[in-house]
Amino acid sequence: MDAARVAAFRKKLDATGVYGPFSKTEDPAFIECMGHAGFDFCIIDLEHGPNSIRSAQDLVRAAELSGLLPIVRMPEEAHNRIGAALDIGAAGVQIPQVTTAEAARDAVRHARYAPLGMRGVCRYVRNARYSATSKSDYFTAANDALVIVQLEGREALDNLDDILGVDGIDILFIGPYDLSQSLGVTGQTQHPEVVATVERITARCRERGLAVGTFVESPEDARKWHARGVRYLCYAVDVGIFYSACRDIATALQG
């Protein structure tokens, strides 16, 4: 993890906002394309798709080489693997289906070394340059990794204020698809109830001074939520972006 790049990311997050896609492929070339295209970050997805910690390590390398900040989304109920994602060099972890303050505290605890948490201690890992980084430098810098918790359902909504009170959360991410399912309108991310709920959560986060993020699928939606104070904007998914580009080209060629 490049501490200077993380610091620059935090500064841009607060000032103007950051943008990046989810990645579900195992091919580092997709990650490099995102970086060369000018995105700020990518979310290497271990919750949905074929990736593992092993394949994610090469994707993290590709992100670093192309100027992206690599975030790893963990599988659900895998707090004990947070340290593994950070060991391979992820600059942050994104934790799905956080529904209680206790779950949020547990995520922070697994992402931080003492005195901020109780992450399993090992410096013979890629993130510490396989022990080339001094102990003091590594354990200090490692504690600056981003912790992003995803709020996606009714139970989380009921516990929102308690979750927002947990120390160590850097960004609260609103998952609109799972949120739509919990509200009884599965997949309807533009449904008025879903939009209103995201707006309420965003306003509450801003009152508490916590950065908030969400998933968008069009530049128009990105601009809309940015205007409402969302600063961590996850734009679509690499495979979907590639499909859309291929479809448009094929349509143009055959039209």
# chains A, B, ... in the order shown; residues from 1 in each chain; ligands from 1

call {"tool": "select_by_dssp", "arguments": {"residues": "stretch 4-251 of chain A", "states": "strand (DSSP E or B)", "output": "ChimeraX atom specification"}}
result
/A:18-23,41-45,69-73,92-95,146-151,171-174,211-216,232-237

call {"tool": "residues_around", "arguments": {"residues": "stretch 54-70 of chain A", "least_positions_apart": "2", "cutoff": "6 Å", "atoms": "only C-alpha atoms", "output": "PyMOL selection string"}}
result
chain A and resi 28+31-32+35-36+40-42+51-52+88+90-91

call {"tool": "write_last_selection", "arguments": {"atoms": "N, CA and C atoms", "output": "PDB file, in the first residue's frame"}}
result
ATOM      1  N   PRO A  28      -5.609  -8.851 -15.267  1.00  0.00           N
ATOM      2  CA  PRO A  28      -5.014  -7.566 -14.888  1.00  0.00           C
ATOM      3  C   PRO A  28      -5.123  -6.501 -15.972  1.00  0.00           C
ATOM      4  N   ILE A  31      -7.825  -4.055 -15.309  1.00  0.00           N
ATOM      5  CA  ILE A  31      -7.463  -3.101 -14.263  1.00  0.00           C
ATOM      6  C   ILE A  31      -6.558  -2.011 -14.823  1.00  0.00           C
ATOM      7  N   GLU A  32      -5.570  -2.417 -15.623  1.00  0.00           N
ATOM      8  CA  GLU A  32      -4.669  -1.427 -16.217  1.00  0.00           C
ATOM      9  C   GLU A  32      -5.435  -0.453 -17.109  1.00  0.00           C
ATOM     10  N   GLY A  35      -7.049   2.216 -15.023  1.00  0.00           N
ATOM     11  CA  GLY A  35      -6.104   3.226 -14.555  1.00  0.00           C
ATOM     12  C   GLY A  35      -5.679   4.168 -15.657  1.00  0.00           C
ATOM     13  N   HIS A  36      -5.346   3.621 -16.819  1.00  0.00           N
ATOM     14  CA  HIS A  36      -4.913   4.467 -17.924  1.00  0.00           C
ATOM     15  C   HIS A  36      -6.054   5.355 -18.426  1.00  0.00           C
ATOM     16  N   ASP A  40     -10.076   6.834 -10.515  1.00  0.00           N
ATOM     17  CA  ASP A  40      -9.322   7.020  -9.278  1.00  0.00           C
ATOM     18  C   ASP A  40      -9.063   5.716  -8.535  1.00  0.00           C
ATOM     19  N   PHE A  41      -9.997   4.783  -8.624  1.00  0.00           N
ATOM     20  CA  PHE A  41      -9.890   3.542  -7.863  1.00  0.00           C
ATOM     21  C   PHE A  41     -10.629   2.435  -8.607  1.00  0.00           C
ATOM     22  N   CYS A  42     -10.405   1.207  -8.178  1.00  0.00           N
ATOM     23  CA  CYS A  42     -11.225   0.091  -8.621  1.00  0.00           C
ATOM     24  C   CYS A  42     -11.550  -0.759  -7.401  1.00  0.00           C
ATOM     25  N   ASN A  51     -13.086 -14.151  -8.522  1.00  0.00           N
ATOM     26  CA  ASN A  51     -11.796 -13.834  -7.926  1.00  0.00           C
ATOM     27  C   ASN A  51     -11.598 -14.449  -6.547  1.00  0.00           C
ATOM     28  N   SER A  52     -10.325 -14.665  -6.229  1.00  0.00           N
ATOM     29  CA  SER A  52      -9.885 -15.146  -4.925  1.00  0.00           C
ATOM     30  C   SER A  52      -8.774 -14.227  -4.439  1.00  0.00           C
ATOM     31  N   ILE A  88      -1.978  -8.429   0.852  1.00  0.00           N
ATOM     32  CA  ILE A  88      -1.544  -8.460  -0.548  1.00  0.00           C
ATOM     33  C   ILE A  88      -1.383  -7.065  -1.135  1.00  0.00           C
ATOM     34  N   ALA A  90      -3.873  -4.339  -0.781  1.00  0.00           N
ATOM     35  CA  ALA A  90      -5.074  -3.517  -0.953  1.00  0.00           C
ATOM     36  C   ALA A  90      -4.957  -2.246  -0.121  1.00  0.00           C
ATOM     37  N   ALA A  91      -5.374  -1.139  -0.706  1.00  0.00           N
ATOM     38  CA  ALA A  91      -5.350   0.133   0.015  1.00  0.00           C
ATOM     39  C   ALA A  91      -6.575   0.305   0.895  1.00  0.00           C
TER      40      ALA A  91
END

call {"tool": "atom_distance", "arguments": {"atom1": "atom CA of A:Arg231", "atom2": "atom CA of A:Thr140"}}
result
26.2 Å

call {"tool": "closest_residue", "arguments": {"among": "A:Ile169, A:Ala211, A:Ala29, A:Leu157", "to": "A:His226", "atoms": "only C-alpha atoms"}}
result
A:Ala211

call {"tool": "select_by_dssp", "arguments": {"residues": "stretch 20-237 of chain A", "states": "helix (DSSP H, G or I)", "output": "JSON, numbers by chain"}}
result
{"A": [28, 29, 30, 31, 32, 33, 34, 35, 36, 37, 53, 54, 55, 56, 57, 58, 59, 60, 61, 62, 63, 64, 65, 66, 79, 80, 81, 82, 83, 84, 85, 86, 87, 101, 102, 103, 104, 105, 106, 107, 108, 109, 110, 111, 126, 127, 128, 129, 130, 131, 135, 136, 137, 138, 139, 140, 141, 142, 154, 155, 156, 157, 158, 160, 161, 162, 163, 164, 176, 177, 178, 179, 180, 181, 182, 192, 193, 194, 195, 196, 197, 198, 199, 200, 201, 202, 203, 204, 205, 206, 207, 208, 219, 220, 221, 222, 223, 224, 225, 226, 227]}

call {"tool": "residues_around", "arguments": {"residues": "A:Leu146", "least_positions_apart": "2", "cutoff": "9 Å", "atoms": "only C-alpha atoms", "output": "list in words"}}
result
Val6, Ile71, Ala91, Gly92, Val93, Gln94, Ala111, Asn143, Asp144, Ile148, Gly168, Ile169, Asp170 and Ile171 of chain A

call {"tool": "closest_residue", "arguments": {"among": "A:Thr25, A:Thr189, A:Phe39, A:Glu47", "to": "A:Phe9", "atoms": "only C-alpha atoms"}}
result
A:Phe39

call {"tool": "closest_residue", "arguments": {"among": "A:Tyr138, A:Tyr177, A:Phe242, A:Phe215", "to": "A:Phe22", "atoms": "only C-alpha atoms"}}
result
A:Phe215

call {"tool": "residues_around", "arguments": {"residues": "A:Gly184", "least_positions_apart": "5", "cutoff": "12 Å", "atoms": "only C-alpha atoms", "output": "list of chain:residue names"}}
result
A:Gly153, A:Arg154, A:Tyr177, A:Asp178, A:Leu179, A:Thr189, A:His191, A:Glu193, A:Val194

call {"tool": "write_last_selection", "arguments": {"atoms": "N, CA and C atoms", "output": "PDB file, in the first residue's frame"}}
result
ATOM      1  N   GLY A 153     -29.711  -3.002   3.798  1.00  0.00           N
ATOM      2  CA  GLY A 153     -31.020  -3.568   4.105  1.00  0.00           C
ATOM      3  C   GLY A 153     -31.727  -2.882   5.251  1.00  0.00           C
ATOM      4  N   ARG A 154     -32.931  -3.376   5.554  1.00  0.00           N
ATOM      5  CA  ARG A 154     -33.761  -2.748   6.577  1.00  0.00           C
ATOM      6  C   ARG A 154     -33.122  -2.790   7.962  1.00  0.00           C
ATOM      7  N   TYR A 177     -28.823  -2.003  -5.072  1.00  0.00           N
ATOM      8  CA  TYR A 177     -29.508  -3.214  -5.522  1.00  0.00           C
ATOM      9  C   TYR A 177     -30.032  -4.028  -4.340  1.00  0.00           C
ATOM     10  N   ASP A 178     -29.173  -4.298  -3.367  1.00  0.00           N
ATOM     11  CA  ASP A 178     -29.649  -5.024  -2.185  1.00  0.00           C
ATOM     12  C   ASP A 178     -30.659  -4.196  -1.399  1.00  0.00           C
ATOM     13  N   LEU A 179     -30.462  -2.884  -1.390  1.00  0.00           N
ATOM     14  CA  LEU A 179     -31.421  -2.014  -0.722  1.00  0.00           C
ATOM     15  C   LEU A 179     -32.786  -2.120  -1.396  1.00  0.00           C
ATOM     16  N   THR A 189     -33.576   0.223  -8.850  1.00  0.00           N
ATOM     17  CA  THR A 189     -32.724   1.171  -8.122  1.00  0.00           C
ATOM     18  C   THR A 189     -33.164   2.626  -8.297  1.00  0.00           C
ATOM     19  N   HIS A 191     -36.419   3.388  -8.163  1.00  0.00           N
ATOM     20  CA  HIS A 191     -37.727   3.482  -7.537  1.00  0.00           C
ATOM     21  C   HIS A 191     -37.722   4.633  -6.528  1.00  0.00           C
ATOM     22  N   GLU A 193     -38.917   5.069  -3.625  1.00  0.00           N
ATOM     23  CA  GLU A 193     -38.606   4.716  -2.241  1.00  0.00           C
ATOM     24  C   GLU A 193     -37.119   4.444  -2.062  1.00  0.00           C
ATOM     25  N   VAL A 194     -36.506   3.820  -3.049  1.00  0.00           N
ATOM     26  CA  VAL A 194     -35.058   3.570  -2.975  1.00  0.00           C
ATOM     27  C   VAL A 194     -34.299   4.887  -3.012  1.00  0.00           C
TER      28      VAL A 194
END

call {"tool": "closest_residue", "arguments": {"among": "A:Ile241, A:Thr202, A:Leu46, A:Thr251", "to": "A:Cys33", "atoms": "only C-alpha atoms"}}
result
A:Ile241

call {"tool": "residues_around", "arguments": {"residues": "A:Ala78", "least_positions_apart": "3", "cutoff": "10 Å", "atoms": "only C-alpha atoms", "output": "MDAnalysis selection string"}}
result
chainID A and resid 47 74:75 81:82 95:96 107

call {"tool": "write_last_selection", "arguments": {"atoms": "N, CA, C and O atoms", "output": "mmCIF file, in the first residue's frame"}}
result
data_model
loop_
_atom_site.group_PDB
_atom_site.id
_atom_site.type_symbol
_atom_site.label_atom_id
_atom_site.label_comp_id
_atom_site.auth_asym_id
_atom_site.auth_seq_id
_atom_site.Cartn_x
_atom_site.Cartn_y
_atom_site.Cartn_z
ATOM 1 N N GLU A 47 -16.828 -10.741 -3.501
ATOM 2 C CA GLU A 47 -18.173 -11.168 -3.107
ATOM 3 C C GLU A 47 -18.908 -11.797 -4.288
ATOM 4 O O GLU A 47 -19.546 -12.843 -4.148
ATOM 5 N N MET A 74 -14.810 -7.680 0.200
ATOM 6 C CA MET A 74 -14.708 -8.990 0.804
ATOM 7 C C MET A 74 -15.970 -9.818 0.545
ATOM 8 O O MET A 74 -17.038 -9.263 0.291
ATOM 9 N N PRO A 75 -15.853 -11.133 0.644
ATOM 10 C CA PRO A 75 -17.065 -11.955 0.650
ATOM 11 C C PRO A 75 -17.885 -11.659 1.904
ATOM 12 O O PRO A 75 -17.347 -11.210 2.921
ATOM 13 N N ARG A 81 -10.946 -12.630 6.880
ATOM 14 C CA ARG A 81 -10.091 -12.571 5.684
ATOM 15 C C ARG A 81 -9.712 -11.141 5.313
ATOM 16 O O ARG A 81 -8.997 -10.919 4.327
ATOM 17 N N ILE A 82 -10.165 -10.180 6.101
ATOM 18 C CA ILE A 82 -9.829 -8.781 5.822
ATOM 19 C C ILE A 82 -8.325 -8.577 5.835
ATOM 20 O O ILE A 82 -7.746 -7.927 4.960
ATOM 21 N N ILE A 95 -16.698 -3.873 3.000
ATOM 22 C CA ILE A 95 -17.334 -4.970 3.717
ATOM 23 C C ILE A 95 -18.830 -4.969 3.435
ATOM 24 O O ILE A 95 -19.541 -4.028 3.809
ATOM 25 N N PRO A 96 -19.354 -6.013 2.780
ATOM 26 C CA PRO A 96 -20.786 -6.028 2.444
ATOM 27 C C PRO A 96 -21.663 -6.430 3.622
ATOM 28 O O PRO A 96 -21.194 -7.042 4.594
ATOM 29 N N ALA A 107 -15.399 -5.270 11.750
ATOM 30 C CA ALA A 107 -14.671 -5.005 10.510
ATOM 31 C C ALA A 107 -13.462 -4.117 10.773
ATOM 32 O O ALA A 107 -12.353 -4.383 10.286
#
